[in-house]
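Chemist: Okay, so here is run-v6.txt, and as you'll see once you scroll down, it has compact mmCIF, C-alpha atoms.
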```
# COMPACT_ATOMS: atom_id res chain seq x y z
CA LEU A 1 11.85 6.67 -54.23
CA GLU A 2 8.13 6.33 -53.60
CA GLU A 3 8.81 4.77 -50.18
CA ALA A 4 11.20 7.60 -49.32
CA LYS A 5 8.55 10.16 -50.28
CA VAL A 6 5.96 8.45 -48.08
CA LEU A 7 8.41 8.28 -45.15
CA LEU A 8 9.30 11.94 -45.65
CA GLU A 9 5.63 12.93 -45.36
CA LYS A 10 5.17 10.93 -42.14
CA ASP A 11 8.42 11.69 -40.30
CA THR A 12 8.77 14.69 -38.00
CA ARG A 13 12.46 14.42 -36.99
CA LYS A 14 14.60 17.01 -38.74
CA ARG A 15 17.69 14.83 -39.19
CA VAL A 16 15.72 11.99 -40.78
CA CYS A 17 13.83 14.45 -43.01
CA ASP A 18 17.11 16.00 -44.14
CA ALA A 19 18.58 12.59 -44.96
CA LEU A 20 15.50 11.52 -46.91
CA THR A 21 15.39 14.82 -48.80
CA ALA A 22 19.06 14.50 -49.75
CA GLU A 23 18.48 10.92 -50.90
CA LEU A 24 15.50 11.94 -53.02
CA LEU A 25 17.41 14.81 -54.63
CA ASP A 26 20.42 12.62 -55.40
CA ASN A 27 18.39 9.83 -56.99
CA GLU A 28 15.86 11.77 -59.03
CA LYS A 29 16.81 12.24 -62.66
CA PRO A 30 14.96 14.73 -64.81
CA ALA A 31 12.67 13.10 -67.36
CA ALA A 32 14.53 14.76 -70.23
CA VAL A 33 17.82 13.03 -69.35
CA VAL A 34 18.26 9.81 -71.29
CA ASP A 35 21.10 7.45 -70.52
CA PRO A 36 23.40 7.61 -73.52
CA VAL A 37 24.35 4.65 -75.66
CA THR A 38 28.10 4.21 -75.56
CA THR A 39 30.45 2.53 -77.98
CA GLY A 40 33.17 0.17 -76.84
CA HIS A 41 33.65 -0.22 -73.13
CA THR A 42 33.50 2.37 -70.40
CA VAL A 43 36.54 3.19 -68.32
CA LYS A 44 36.23 4.79 -64.90
CA THR A 45 38.65 7.67 -64.55
CA SER A 46 39.95 9.07 -61.31
CA ASN A 47 42.68 11.34 -62.67
CA TYR A 48 41.52 14.74 -61.53
CA GLY A 49 42.39 17.78 -59.49
CA TRP A 50 40.14 20.40 -57.94
CA ASP A 51 40.18 23.93 -56.67
CA GLN A 52 37.55 26.07 -55.01
CA SER A 53 36.59 29.58 -54.15
CA ASP A 54 33.74 30.87 -52.00
CA LYS A 55 31.36 30.71 -54.98
CA SER A 56 32.34 27.57 -56.90
CA VAL A 57 34.32 24.34 -57.09
CA LYS A 58 36.34 23.60 -60.23
CA ILE A 59 37.19 19.99 -61.06
CA TYR A 60 39.87 19.38 -63.71
CA ILE A 61 39.67 15.90 -65.30
CA THR A 62 42.64 14.97 -67.46
CA LEU A 63 41.78 12.94 -70.59
CA THR A 64 44.29 12.96 -73.43
CA GLY A 65 42.67 14.06 -76.70
CA VAL A 66 39.30 15.06 -75.21
CA HIS A 67 39.40 18.38 -77.08
CA GLN A 68 39.22 16.46 -80.38
CA VAL A 69 35.87 14.75 -79.74
CA PRO A 70 32.60 16.55 -80.60
CA THR A 71 31.22 18.58 -77.69
CA GLU A 72 27.98 16.55 -77.66
CA ASN A 73 30.10 13.50 -76.73
CA VAL A 74 31.09 15.19 -73.45
CA GLN A 75 28.08 15.05 -71.13
CA VAL A 76 27.72 16.03 -67.49
CA HIS A 77 24.64 15.38 -65.38
CA PHE A 78 24.42 17.46 -62.20
CA THR A 79 22.30 16.86 -59.10
CA VAL A 80 22.28 18.85 -55.88
CA ARG A 81 25.00 16.69 -54.29
CA SER A 82 26.67 14.90 -57.23
CA PHE A 83 27.80 15.01 -60.83
CA ASP A 84 28.31 12.37 -63.49
CA LEU A 85 30.73 12.93 -66.40
CA LEU A 86 30.57 10.78 -69.52
CA VAL A 87 32.92 11.20 -72.47
CA LYS A 88 31.83 9.02 -75.38
CA ASN A 89 33.98 7.68 -78.21
CA LEU A 90 37.38 8.98 -77.11
CA SER A 91 39.91 6.72 -78.86
CA GLY A 92 37.25 4.01 -79.15
CA LYS A 93 36.40 4.04 -75.45
CA SER A 94 33.99 5.87 -73.18
CA TYR A 95 35.24 7.45 -69.98
CA SER A 96 33.12 8.12 -66.92
CA MET A 97 33.61 9.79 -63.60
CA ILE A 98 30.93 9.87 -60.93
CA VAL A 99 31.28 11.91 -57.76
CA ASN A 100 28.45 11.25 -55.33
CA ASN A 101 27.76 12.90 -52.00
CA LEU A 102 29.52 16.22 -52.53
CA LEU A 103 30.32 17.94 -49.25
CA LYS A 104 28.11 20.98 -49.96
CA PRO A 105 25.01 21.31 -52.19
CA ILE A 106 25.53 22.81 -55.65
CA SER A 107 23.28 24.77 -57.98
CA VAL A 108 22.32 22.46 -60.85
CA GLU A 109 21.36 25.38 -63.11
CA GLY A 110 24.54 27.37 -62.35
CA SER A 111 26.94 24.45 -62.90
CA SER A 112 28.58 23.84 -66.26
CA LYS A 113 31.40 22.14 -68.16
CA LYS A 114 34.14 23.32 -70.50
CA VAL A 115 36.35 21.22 -72.76
CA LYS A 116 39.95 22.41 -72.91
CA THR A 117 43.11 20.86 -74.32
CA ASP A 118 43.33 17.36 -72.80
CA THR A 119 41.12 18.51 -69.90
CA VAL A 120 37.45 18.69 -69.00
CA LEU A 121 36.68 21.49 -66.56
CA ILE A 122 33.56 20.99 -64.45
CA LEU A 123 32.38 24.13 -62.67
CA CYS A 124 30.03 23.42 -59.76
CA ARG A 125 28.37 26.60 -58.51
CA LYS A 126 27.80 26.46 -54.74
CA LYS A 127 24.39 27.16 -53.26
CA VAL A 128 25.96 28.57 -50.10
CA GLU A 129 29.01 30.75 -50.65
CA LYS A 130 31.57 29.29 -48.29
CA ALA A 131 34.89 27.55 -48.85
CA GLY A 132 35.41 24.08 -47.44
CA GLY A 133 38.43 21.84 -47.24
CA TYR A 134 37.06 18.81 -49.05
CA LEU A 135 35.30 17.93 -52.30
CA ALA A 136 33.15 15.03 -51.12
CA GLN A 137 31.79 13.83 -47.80
CA VAL A 138 33.90 10.66 -47.97
CA GLU A 139 37.12 12.72 -48.14
CA LYS A 140 36.11 14.65 -45.05
CA GLU A 141 35.37 11.43 -43.17
CA CYS A 142 38.64 9.80 -44.28
CA TYR A 143 40.78 12.69 -43.12
CA SER A 144 38.86 13.44 -39.95
CA TYR A 145 39.23 10.10 -38.20
CA THR A 146 40.30 10.70 -34.65
CA LYS A 147 43.47 9.09 -33.44
CA PRO A 148 42.57 5.75 -31.91
CA SER A 149 43.13 5.29 -28.23
CA TYR A 150 45.71 2.68 -27.37
CA ASP A 151 44.58 -0.14 -25.19
CA THR A 152 47.62 -1.76 -23.56
CA GLU A 153 45.66 -4.82 -22.48
CA THR A 154 44.65 -6.02 -25.98
CA ASP A 155 46.78 -7.45 -28.71
CA ALA A 156 48.00 -4.99 -31.38
CA SER A 157 46.87 -7.29 -34.20
CA GLU A 158 43.35 -7.25 -32.75
CA GLY A 159 43.30 -3.43 -32.94
CA LEU A 160 44.48 -3.54 -36.56
CA MET A 161 41.82 -6.12 -37.38
CA ASN A 162 39.14 -3.87 -35.84
CA ILE A 163 40.31 -0.92 -37.96
CA LEU A 164 40.18 -3.06 -41.12
CA LYS A 165 36.70 -4.30 -40.21
CA LYS A 166 35.53 -0.71 -39.74
CA ILE A 167 37.02 0.43 -43.07
CA TYR A 168 35.53 -2.61 -44.84
CA GLY A 169 32.10 -2.06 -43.27
CA GLU A 170 31.96 1.64 -44.13
CA GLY A 171 33.65 1.40 -47.54
CA ASP A 172 32.13 1.30 -51.00
CA ASN A 173 32.44 -1.66 -53.40
CA ASP A 174 35.83 -0.51 -54.73
CA MET A 175 37.25 -0.28 -51.21
CA LYS A 176 35.94 -3.74 -50.33
CA GLN A 177 37.46 -5.17 -53.52
CA ILE A 178 40.87 -3.62 -52.70
CA ILE A 179 40.78 -4.96 -49.14
CA ASN A 180 39.86 -8.45 -50.43
CA LYS A 181 42.78 -8.38 -52.92
CA VAL A 182 45.22 -7.33 -50.21
CA TRP A 183 43.88 -9.97 -47.83
CA VAL A 184 44.33 -12.74 -50.38
```
So that I can check it, write out the structure of this file as structure tokens.

Modeler:
Amino acid sequence: LEEAKVLLEKDTRKRVCDALTAELLDNEKPAAVVDPVTTGHTVKTSNYGWDQSDKSVKIYITLTGVHQVPTENVQVHFTVRSFDLLVKNLSGKSYSMIVNNLLKPISVEGSSKKVKTDTVLILCRKKVEKAGGYLAQVEKECYSYTKPSYDTETDASEGLMNILKKIYGEGDNDMKQIINKVWV
């Protein structure tokens, strides 16, 4: 973070400054936030749905029995472009969901959570009131790939291999693990 701050002070290009600023905002945690001690093991959850309006994005995370745990066991940490949900001690396990690199910046102070029957509702208040078609930047990139041009002079398996290399190179650790399992 210190190196990013130094580079931000020295750089004059807008695009680089924007990228460094976004990186700093995403990685800085307030001093008052302490990483919680969890019991049992932590399970990553990806069972969610989302909806949006011009002013906010609502994320509905389905966790059976979440309404029965104390509200202090349901914690959400917001940054300008991400949120991190942690539900502690739900049936002896902890559940987490991290969404990094949201498509649009959110208001940390205006965002909140609500616990409903078998659902956690995360309300992310947008900084700029405008609807978008995606929740995170990675979704936008996945669905906006242009149709590849067909080269009749190369082998079809070579084209497929190039696509897999591109997905593997740009993917996160989970994507690389899935590709490795399929390859084996």

Chemist: Tell me which protein, DNA and RNA residues are within 10 Å of Lys126 (chain A), counting only C-alpha atoms, leaving out same-chain ones fewer than 2 positions away, and put them as a PyMOL selection string.

Modeler: chain A and resi 52-57+80+104-108+110-111+123-124+128-131

Chemist: Selected residues, C-alpha atoms, written as a PDB file, in the coordinates of the input, please.

Modeler:
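After the write, out_25.pdb holds the following:
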```
ATOM      1  CA  GLN A  52      37.550  26.070 -55.010  1.00  0.00           C
ATOM      2  CA  SER A  53      36.590  29.580 -54.150  1.00  0.00           C
ATOM      3  CA  ASP A  54      33.740  30.870 -52.000  1.00  0.00           C
ATOM      4  CA  LYS A  55      31.360  30.710 -54.980  1.00  0.00           C
ATOM      5  CA  SER A  56      32.340  27.570 -56.900  1.00  0.00           C
ATOM      6  CA  VAL A  57      34.320  24.340 -57.090  1.00  0.00           C
ATOM      7  CA  VAL A  80      22.280  18.850 -55.880  1.00  0.00           C
ATOM      8  CA  LYS A 104      28.110  20.980 -49.960  1.00  0.00           C
ATOM      9  CA  PRO A 105      25.010  21.310 -52.190  1.00  0.00           C
ATOM     10  CA  ILE A 106      25.530  22.810 -55.650  1.00  0.00           C
ATOM     11  CA  SER A 107      23.280  24.770 -57.980  1.00  0.00           C
ATOM     12  CA  VAL A 108      22.320  22.460 -60.850  1.00  0.00           C
ATOM     13  CA  GLY A 110      24.540  27.370 -62.350  1.00  0.00           C
ATOM     14  CA  SER A 111      26.940  24.450 -62.900  1.00  0.00           C
ATOM     15  CA  LEU A 123      32.380  24.130 -62.670  1.00  0.00           C
ATOM     16  CA  CYS A 124      30.030  23.420 -59.760  1.00  0.00           C
ATOM     17  CA  VAL A 128      25.960  28.570 -50.100  1.00  0.00           C
ATOM     18  CA  GLU A 129      29.010  30.750 -50.650  1.00  0.00           C
ATOM     19  CA  LYS A 130      31.570  29.290 -48.290  1.00  0.00           C
ATOM     20  CA  ALA A 131      34.890  27.550 -48.850  1.00  0.00           C
TER      21      ALA A 131
END
```

Chemist: Which residue is closest to Ile59 (chain A)? Choose from A:Ile163, A:Leu7, A:Thr42, A:Lys113 and count all atoms listed in the file.

Modeler: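 Of the candidates, the smallest distance to Ile59 (chain A) is held by A:Lys113.
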
Chemist: How many Å separate CA of Asp174 (chain A) from CA of Glu23 (chain A)?

Modeler: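 Going from CA of Asp174 (chain A) over to CA of Glu23 (chain A), I get 21.1 Å.
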
Chemist: Name the closest residue to Asp51 (chain A) among the candidates A:Glu109, A:Glu9, A:Ser94, A:Ile122; distances are taken between atoms, counting only C-alpha atoms.

Modeler: A:Ile122

Chemist: Let me make sure I understand: among A:Arg125, A:Lys88, A:His77, A:Lys58, which one has the smallest atom-to-atom distance to His41 (chain A) if we use all atoms listed in the file?

Modeler: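 Closest to His41 (chain A) of all the choices is A:Lys88.
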
Chemist: May I ask which of the residues A:Leu63, A:Leu121, A:Ile178, A:Val69 is the closest one to Ser96 (chain A), counting only C-alpha atoms?

Modeler: A:Leu63

Chemist: Using all atoms listed in the file - which residues lie no farther than 9 Å from the point (44.0, 12.8, -69.0) in the file's frame? Write them as a PDB file with C-alpha atoms, keeping the file's coordinate frame.

Modeler:
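Wrote it out as out.pdb, contents follow:
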```pdb
ATOM      1  CA  THR A  45      38.650   7.670 -64.550  1.00  0.00           C
ATOM      2  CA  ASN A  47      42.680  11.340 -62.670  1.00  0.00           C
ATOM      3  CA  TYR A  48      41.520  14.740 -61.530  1.00  0.00           C
ATOM      4  CA  ILE A  61      39.670  15.900 -65.300  1.00  0.00           C
ATOM      5  CA  THR A  62      42.640  14.970 -67.460  1.00  0.00           C
ATOM      6  CA  LEU A  63      41.780  12.940 -70.590  1.00  0.00           C
ATOM      7  CA  THR A  64      44.290  12.960 -73.430  1.00  0.00           C
ATOM      8  CA  GLY A  65      42.670  14.060 -76.700  1.00  0.00           C
ATOM      9  CA  VAL A  66      39.300  15.060 -75.210  1.00  0.00           C
ATOM     10  CA  ASP A 118      43.330  17.360 -72.800  1.00  0.00           C
ATOM     11  CA  THR A 119      41.120  18.510 -69.900  1.00  0.00           C
ATOM     12  CA  VAL A 120      37.450  18.690 -69.000  1.00  0.00           C
TER      13      VAL A 120
END
```

Chemist: Quick one: residues within 10 Å of Thr21 (chain A), only C-alpha atoms counted, chain neighbours fewer than 5 positions away excluded, as a PyMOL selection string?

Modeler: chain A and resi 4-5+8+15-16+26

Chemist: One decimal, Å: what's the distance from CA of Asn173 (chain A) over to CA of Val74 (chain A), could you say?

Modeler: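 Going from CA of Asn173 (chain A) over to CA of Val74 (chain A), I get 26.2 Å.
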
Chemist: Rounded to one decimal, what separation in Å do you get between CA of Lys93 (chain A) and CA of Asn73 (chain A)?

Modeler: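 Computing the Euclidean distance for CA of Lys93 (chain A) and CA of Asn73 (chain A) yields 11.4 Å.
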